[in-house]
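Structure data (mmCIF, C-alpha atoms, pLDDT in the B column; chains and numbers go by the auth columns) from target.cif:
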data_start
loop_
_atom_site.group_PDB
_atom_site.id
_atom_site.type_symbol
_atom_site.label_atom_id
_atom_site.label_comp_id
_atom_site.label_asym_id
_atom_site.label_seq_id
_atom_site.Cartn_x
_atom_site.Cartn_y
_atom_site.Cartn_z
_atom_site.B_iso_or_equiv
_atom_site.auth_seq_id
_atom_site.auth_asym_id
ATOM 1 C CA MET A 1 -65.099 16.509 24.020 53.00 1 A
ATOM 2 C CA HIS A 2 -66.232 19.880 22.675 62.00 2 A
ATOM 3 C CA TRP A 3 -69.887 18.819 22.456 66.00 3 A
ATOM 4 C CA SER A 4 -69.760 16.475 25.448 75.00 4 A
ATOM 5 C CA LYS A 5 -71.801 16.971 28.550 79.00 5 A
ATOM 6 C CA GLN A 6 -69.195 18.374 30.905 79.00 6 A
ATOM 7 C CA TYR A 7 -70.707 17.014 34.099 78.00 7 A
ATOM 8 C CA GLN A 8 -70.281 13.517 32.645 78.00 8 A
ATOM 9 C CA ALA A 9 -66.693 14.137 31.496 81.00 9 A
ATOM 10 C CA VAL A 10 -65.535 14.075 35.105 83.00 10 A
ATOM 11 C CA GLY A 11 -66.748 11.114 37.114 80.00 11 A
ATOM 12 C CA ASN A 12 -68.654 11.841 40.318 82.00 12 A
ATOM 13 C CA ARG A 13 -65.896 10.297 42.402 87.00 13 A
ATOM 14 C CA TRP A 14 -63.444 13.005 41.259 88.00 14 A
ATOM 15 C CA TRP A 15 -65.481 16.106 42.098 85.00 15 A
ATOM 16 C CA PRO A 16 -64.385 16.170 45.762 88.00 16 A
ATOM 17 C CA TYR A 17 -60.792 16.677 44.553 90.00 17 A
ATOM 18 C CA ILE A 18 -61.547 19.539 42.157 88.00 18 A
ATOM 19 C CA ASP A 19 -61.184 22.881 43.885 87.00 19 A
ATOM 20 C CA PHE A 20 -61.635 25.237 40.949 89.00 20 A
ATOM 21 C CA VAL A 21 -63.965 25.370 37.948 87.00 21 A
ATOM 22 C CA GLY A 22 -63.712 28.456 35.766 86.00 22 A
ATOM 23 C CA ASN A 23 -66.463 29.783 33.566 82.00 23 A
ATOM 24 C CA MET A 24 -66.100 31.482 30.166 78.00 24 A
ATOM 25 C CA ASP A 25 -68.758 34.018 31.160 76.00 25 A
ATOM 26 C CA ARG A 26 -66.411 35.146 33.934 82.00 26 A
ATOM 27 C CA ALA A 27 -63.072 34.330 32.250 84.00 27 A
ATOM 28 C CA GLU A 28 -61.255 37.480 33.409 86.00 28 A
ATOM 29 C CA GLU A 29 -62.398 37.193 37.027 89.00 29 A
ATOM 30 C CA ASP A 30 -61.944 33.421 37.186 90.00 30 A
ATOM 31 C CA ALA A 31 -58.457 33.607 35.645 89.00 31 A
ATOM 32 C CA ARG A 32 -57.452 36.155 38.279 91.00 32 A
ATOM 33 C CA THR A 33 -58.892 34.029 41.085 93.00 33 A
ATOM 34 C CA LEU A 34 -57.033 30.962 39.843 93.00 34 A
ATOM 35 C CA LEU A 35 -53.727 32.784 39.299 92.00 35 A
ATOM 36 C CA GLU A 36 -53.950 34.434 42.734 95.00 36 A
ATOM 37 C CA SER A 37 -54.327 30.993 44.292 94.00 37 A
ATOM 38 C CA LEU A 38 -51.044 29.768 42.768 94.00 38 A
ATOM 39 C CA VAL A 39 -48.191 30.897 45.015 96.00 39 A
ATOM 40 C CA SER A 40 -44.540 30.272 44.254 95.00 40 A
ATOM 41 C CA GLU A 41 -42.644 28.357 46.924 96.00 41 A
ATOM 42 C CA TYR A 42 -39.498 30.081 45.644 95.00 42 A
ATOM 43 C CA ASP A 43 -40.363 33.770 46.054 96.00 43 A
ATOM 44 C CA GLY A 44 -43.878 33.801 47.553 95.00 44 A
ATOM 45 C CA GLN A 45 -45.358 35.662 44.588 95.00 45 A
ATOM 46 C CA THR A 46 -48.641 34.608 43.057 95.00 46 A
ATOM 47 C CA ALA A 47 -48.947 33.734 39.390 92.00 47 A
ATOM 48 C CA TRP A 48 -51.224 36.779 39.139 91.00 48 A
ATOM 49 C CA GLU A 49 -48.460 39.094 40.410 90.00 49 A
ATOM 50 C CA LYS A 50 -45.854 37.574 38.089 88.00 50 A
ATOM 51 C CA TYR A 51 -47.882 37.141 34.912 85.00 51 A
ATOM 52 C CA GLY A 52 -51.577 37.866 35.223 85.00 52 A
ATOM 53 C CA LYS A 53 -51.784 41.560 35.955 82.00 53 A
ATOM 54 C CA THR A 54 -49.554 42.543 33.027 80.00 54 A
ATOM 55 C CA GLY A 55 -50.431 39.744 30.645 73.00 55 A
ATOM 56 C CA TRP A 56 -47.854 37.422 29.207 60.00 56 A
ATOM 57 C CA GLY A 57 -46.120 36.671 25.973 55.00 57 A
ATOM 58 C CA LYS A 58 -44.722 39.186 23.521 58.00 58 A
ATOM 59 C CA GLN A 59 -47.422 41.843 23.399 55.00 59 A
ATOM 60 C CA GLY A 60 -45.516 45.085 23.087 53.00 60 A
ATOM 61 C CA ASP A 61 -46.114 47.179 26.190 54.00 61 A
ATOM 62 C CA ARG A 62 -47.954 44.392 28.098 54.00 62 A
ATOM 63 C CA THR A 63 -50.259 46.839 29.870 58.00 63 A
ATOM 64 C CA LYS A 64 -53.390 44.686 29.899 65.00 64 A
ATOM 65 C CA ALA A 65 -54.001 41.942 32.402 68.00 65 A
ATOM 66 C CA PHE A 66 -54.441 38.362 31.272 66.00 66 A
ATOM 67 C CA LEU A 67 -57.919 38.006 29.674 69.00 67 A
ATOM 68 C CA GLU A 68 -58.750 41.633 30.435 69.00 68 A
ATOM 69 C CA LYS A 69 -61.893 42.639 28.586 64.00 69 A
ATOM 70 C CA ASP A 70 -62.034 45.352 25.975 60.00 70 A
ATOM 71 C CA THR A 71 -64.098 47.990 27.748 60.00 71 A
ATOM 72 C CA ALA A 72 -64.623 50.207 24.701 60.00 72 A
ATOM 73 C CA PRO A 73 -68.323 51.098 24.580 61.00 73 A
ATOM 74 C CA HIS A 74 -70.025 49.481 21.627 60.00 74 A
ATOM 75 C CA GLN A 75 -73.049 47.400 20.842 64.00 75 A
ATOM 76 C CA THR A 76 -72.400 44.066 19.237 67.00 76 A
ATOM 77 C CA GLY A 77 -75.949 43.064 18.354 70.00 77 A
ATOM 78 C CA ALA A 78 -74.902 39.544 19.348 70.00 78 A
ATOM 79 C CA LYS A 79 -78.373 38.394 20.390 69.00 79 A
ATOM 80 C CA ASP A 80 -79.918 39.520 17.113 73.00 80 A
ATOM 81 C CA ARG A 81 -77.164 37.830 15.103 72.00 81 A
ATOM 82 C CA MET A 82 -77.476 34.722 17.246 73.00 82 A
ATOM 83 C CA ARG A 83 -81.217 34.486 16.488 75.00 83 A
ATOM 84 C CA LYS A 84 -80.335 34.139 12.790 75.00 84 A
ATOM 85 C CA PHE A 85 -78.994 30.646 13.487 74.00 85 A
ATOM 86 C CA TYR A 86 -80.110 29.782 16.989 79.00 86 A
ATOM 87 C CA THR A 87 -83.770 28.894 16.549 83.00 87 A
ATOM 88 C CA ARG A 88 -86.411 27.969 19.125 85.00 88 A
ATOM 89 C CA CYS A 89 -85.731 24.308 18.328 85.00 89 A
ATOM 90 C CA ALA A 90 -81.966 24.754 18.714 85.00 90 A
ATOM 91 C CA GLU A 91 -82.538 26.393 22.091 85.00 91 A
ATOM 92 C CA ALA A 92 -84.820 23.525 23.184 86.00 92 A
ATOM 93 C CA PHE A 93 -82.197 21.015 21.997 86.00 93 A
ATOM 94 C CA VAL A 94 -79.396 22.714 23.958 85.00 94 A
ATOM 95 C CA LYS A 95 -81.556 22.952 27.065 85.00 95 A
ATOM 96 C CA ASP A 96 -82.435 19.251 26.861 86.00 96 A
ATOM 97 C CA ARG A 97 -78.979 17.937 25.932 85.00 97 A
ATOM 98 C CA TRP A 98 -76.934 19.966 28.430 84.00 98 A
ATOM 99 C CA GLU A 99 -79.504 20.189 31.214 86.00 99 A
ATOM 100 C CA GLY A 100 -77.167 18.265 33.536 85.00 100 A
ATOM 101 C CA ASP A 101 -74.455 20.888 33.006 85.00 101 A
ATOM 102 C CA TYR A 102 -76.855 23.756 33.653 84.00 102 A
ATOM 103 C CA ASN A 103 -78.102 22.106 36.847 85.00 103 A
ATOM 104 C CA SER A 104 -74.693 21.003 38.160 85.00 104 A
ATOM 105 C CA PRO A 105 -73.713 22.827 41.356 84.00 105 A
ATOM 106 C CA HIS A 106 -70.073 22.742 40.192 84.00 106 A
ATOM 107 C CA PHE A 107 -70.493 24.936 37.114 83.00 107 A
ATOM 108 C CA GLN A 108 -72.863 27.724 38.169 78.00 108 A
ATOM 109 C CA PHE A 109 -74.142 28.149 34.599 79.00 109 A
ATOM 110 C CA HIS A 110 -76.918 30.562 33.802 75.00 110 A
ATOM 111 C CA PRO A 111 -78.814 29.415 30.693 71.00 111 A
ATOM 112 C CA ILE A 112 -79.399 31.968 27.958 73.00 112 A
ATOM 113 C CA LYS A 113 -83.038 32.183 26.969 79.00 113 A
ATOM 114 C CA LEU A 114 -83.446 34.013 23.674 81.00 114 A
ATOM 115 C CA PHE A 115 -86.980 32.896 22.941 82.00 115 A
ATOM 116 C CA HIS A 116 -90.109 33.253 25.029 78.00 116 A
ATOM 117 C CA PRO A 117 -92.109 31.151 25.292 76.00 117 A
ATOM 118 C CA GLN A 118 -89.815 28.214 24.774 74.00 118 A
ATOM 119 C CA VAL A 119 -90.822 25.367 22.488 79.00 119 A
ATOM 120 C CA ASP A 120 -91.114 21.714 23.480 80.00 120 A
ATOM 121 C CA LEU A 121 -88.292 19.646 21.935 80.00 121 A
ATOM 122 C CA GLU A 122 -90.792 16.881 21.108 80.00 122 A
ATOM 123 C CA LYS A 123 -92.301 19.221 18.504 81.00 123 A
ATOM 124 C CA CYS A 124 -88.928 19.759 16.790 83.00 124 A
ATOM 125 C CA ASN A 125 -87.007 17.576 14.403 82.00 125 A
ATOM 126 C CA PHE A 126 -83.646 18.684 15.765 81.00 126 A
ATOM 127 C CA THR A 127 -80.608 16.426 16.197 81.00 127 A
ATOM 128 C CA MET A 128 -76.960 16.782 17.140 80.00 128 A
ATOM 129 C CA GLU A 129 -76.102 16.736 13.433 84.00 129 A
ATOM 130 C CA LYS A 130 -78.484 19.637 12.802 82.00 130 A
ATOM 131 C CA PHE A 131 -76.962 21.502 15.758 82.00 131 A
ATOM 132 C CA LYS A 132 -73.416 20.985 14.391 83.00 132 A
ATOM 133 C CA GLU A 133 -74.573 22.202 10.951 84.00 133 A
ATOM 134 C CA THR A 134 -75.999 25.338 12.562 80.00 134 A
ATOM 135 C CA VAL A 135 -72.732 26.019 14.393 80.00 135 A
ATOM 136 C CA ALA A 136 -70.707 25.369 11.213 83.00 136 A
ATOM 137 C CA LYS A 137 -72.837 27.914 9.292 82.00 137 A
ATOM 138 C CA LEU A 138 -72.232 30.501 11.971 78.00 138 A
ATOM 139 C CA ASP A 139 -68.482 29.760 11.944 79.00 139 A
ATOM 140 C CA ARG A 140 -68.342 30.144 8.138 82.00 140 A
ATOM 141 C CA GLU A 141 -70.137 33.483 8.264 78.00 141 A
ATOM 142 C CA ARG A 142 -67.873 34.630 11.099 74.00 142 A
ATOM 143 C CA GLU A 143 -64.780 33.713 9.024 79.00 143 A
ATOM 144 C CA MET A 144 -66.160 35.724 6.091 79.00 144 A
ATOM 145 C CA GLY A 145 -66.785 38.675 8.387 73.00 145 A
ATOM 146 C CA LEU A 146 -70.541 38.537 7.942 64.00 146 A
ATOM 147 C CA VAL A 147 -71.300 38.210 11.670 56.00 147 A
#
Rewrite the structure of this file - the entire thing - as structure tokens.
Amino acid sequence: MHWSKQYQAVGNRWWPYIDFVGNMDRAEEDARTLLESLVSEYDGQTAWEKYGKTGWGKQGDRTKAFLEKDTAPHQTGAKDRMRKFYTRCAEAFVKDRWEGDYNSPHFQFHPIKLFHPQVDLEKCNFTMEKFKETVAKLDREREMGLV
């Protein structure tokens, strides 16, 4: 499921019944929107009021909201680190493979374009196996604290 095309994971006949699709790029905002839409029949409070705005679980003082971003100013250099593994061919592969997700009106994705101009996938020898290897390398380096 992790590498599946999401627009195909849910059949077209089910989309009319889905009233919320969150996005990882907007996780904090989307979580709040979802939790505010869930209202208790018992006390009339939203899930945001009960749990979201102070977080949940055993977190000490529980002062941060659920999925609240760390707003400390710092540069991550994420795009530069990403270019180490995410090549022009990998970008072309992702664009081709998940084009349906990017173009789906349900998801509101905004593709990341690291490389300009983009390369034609036909000129690359890039497969799903190669993509998974690339992701695995990045995961290993992340675990070792190298990225």
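Using only C-alpha atoms, the smallest distance between any of A:Gln108, A:Asn103, A:Asn23, A:Gln118 and Arg88 in chain A comes from A:Gln118.
Using all atoms listed in the file, the nearest neighbour of Gly55 in chain A within the list A:Phe131, A:Leu35, A:Glu91, A:Glu143 is A:Leu35.
Counting from CA of Glu141 in chain A, the distance to CA of Glu129 in chain A is 18.5 Å.
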Next on the checklist: So, with all atoms listed in the file as the atoms that count, which of A:Met82, A:Ala31, A:Ala90, A:Ala9 lies closest to Lys132 in chain A?
Outcome noted: A:Ala90
Checklist entry - Could you name the residues that touch range 83-87 of chain A at 8 Å or less, counting only C-alpha atoms, but leaving out those on the same chain fewer than 5 positions away, as a ChimeraX atom specification? => result /A:114,134-135,137-138
Could the residues in this selection be written to a file with C-alpha atoms, as a short mmCIF file (atom, residue, chain, number, x, y, z; two decimals), in the coordinates of the input?
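As a result, selection_30.cif now contains:
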data_model
loop_
_atom_site.label_atom_id
_atom_site.label_comp_id
_atom_site.auth_asym_id
_atom_site.auth_seq_id
_atom_site.Cartn_x
_atom_site.Cartn_y
_atom_site.Cartn_z
CA LEU A 114 -83.45 34.01 23.67
CA THR A 134 -76.00 25.34 12.56
CA VAL A 135 -72.73 26.02 14.39
CA LYS A 137 -72.84 27.91 9.29
CA LEU A 138 -72.23 30.50 11.97
#
Taking the file as I've supplied it (selection: the PyMOL selection byres ((chain A and resi 5) around 10)), which residues are included? Please answer as an mmCIF file with C-alpha atoms, keeping the file's coordinate frame.
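Result went into part.cif, see below:
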data_model
loop_
_atom_site.group_PDB
_atom_site.id
_atom_site.type_symbol
_atom_site.label_atom_id
_atom_site.label_comp_id
_atom_site.auth_asym_id
_atom_site.auth_seq_id
_atom_site.Cartn_x
_atom_site.Cartn_y
_atom_site.Cartn_z
ATOM 1 C CA MET A 1 -65.099 16.509 24.020
ATOM 2 C CA HIS A 2 -66.232 19.880 22.675
ATOM 3 C CA TRP A 3 -69.887 18.819 22.456
ATOM 4 C CA SER A 4 -69.760 16.475 25.448
ATOM 5 C CA GLN A 6 -69.195 18.374 30.905
ATOM 6 C CA TYR A 7 -70.707 17.014 34.099
ATOM 7 C CA GLN A 8 -70.281 13.517 32.645
ATOM 8 C CA ALA A 9 -66.693 14.137 31.496
ATOM 9 C CA VAL A 10 -65.535 14.075 35.105
ATOM 10 C CA ARG A 97 -78.979 17.937 25.932
ATOM 11 C CA TRP A 98 -76.934 19.966 28.430
ATOM 12 C CA GLU A 99 -79.504 20.189 31.214
ATOM 13 C CA GLY A 100 -77.167 18.265 33.536
ATOM 14 C CA ASP A 101 -74.455 20.888 33.006
ATOM 15 C CA TYR A 102 -76.855 23.756 33.653
#
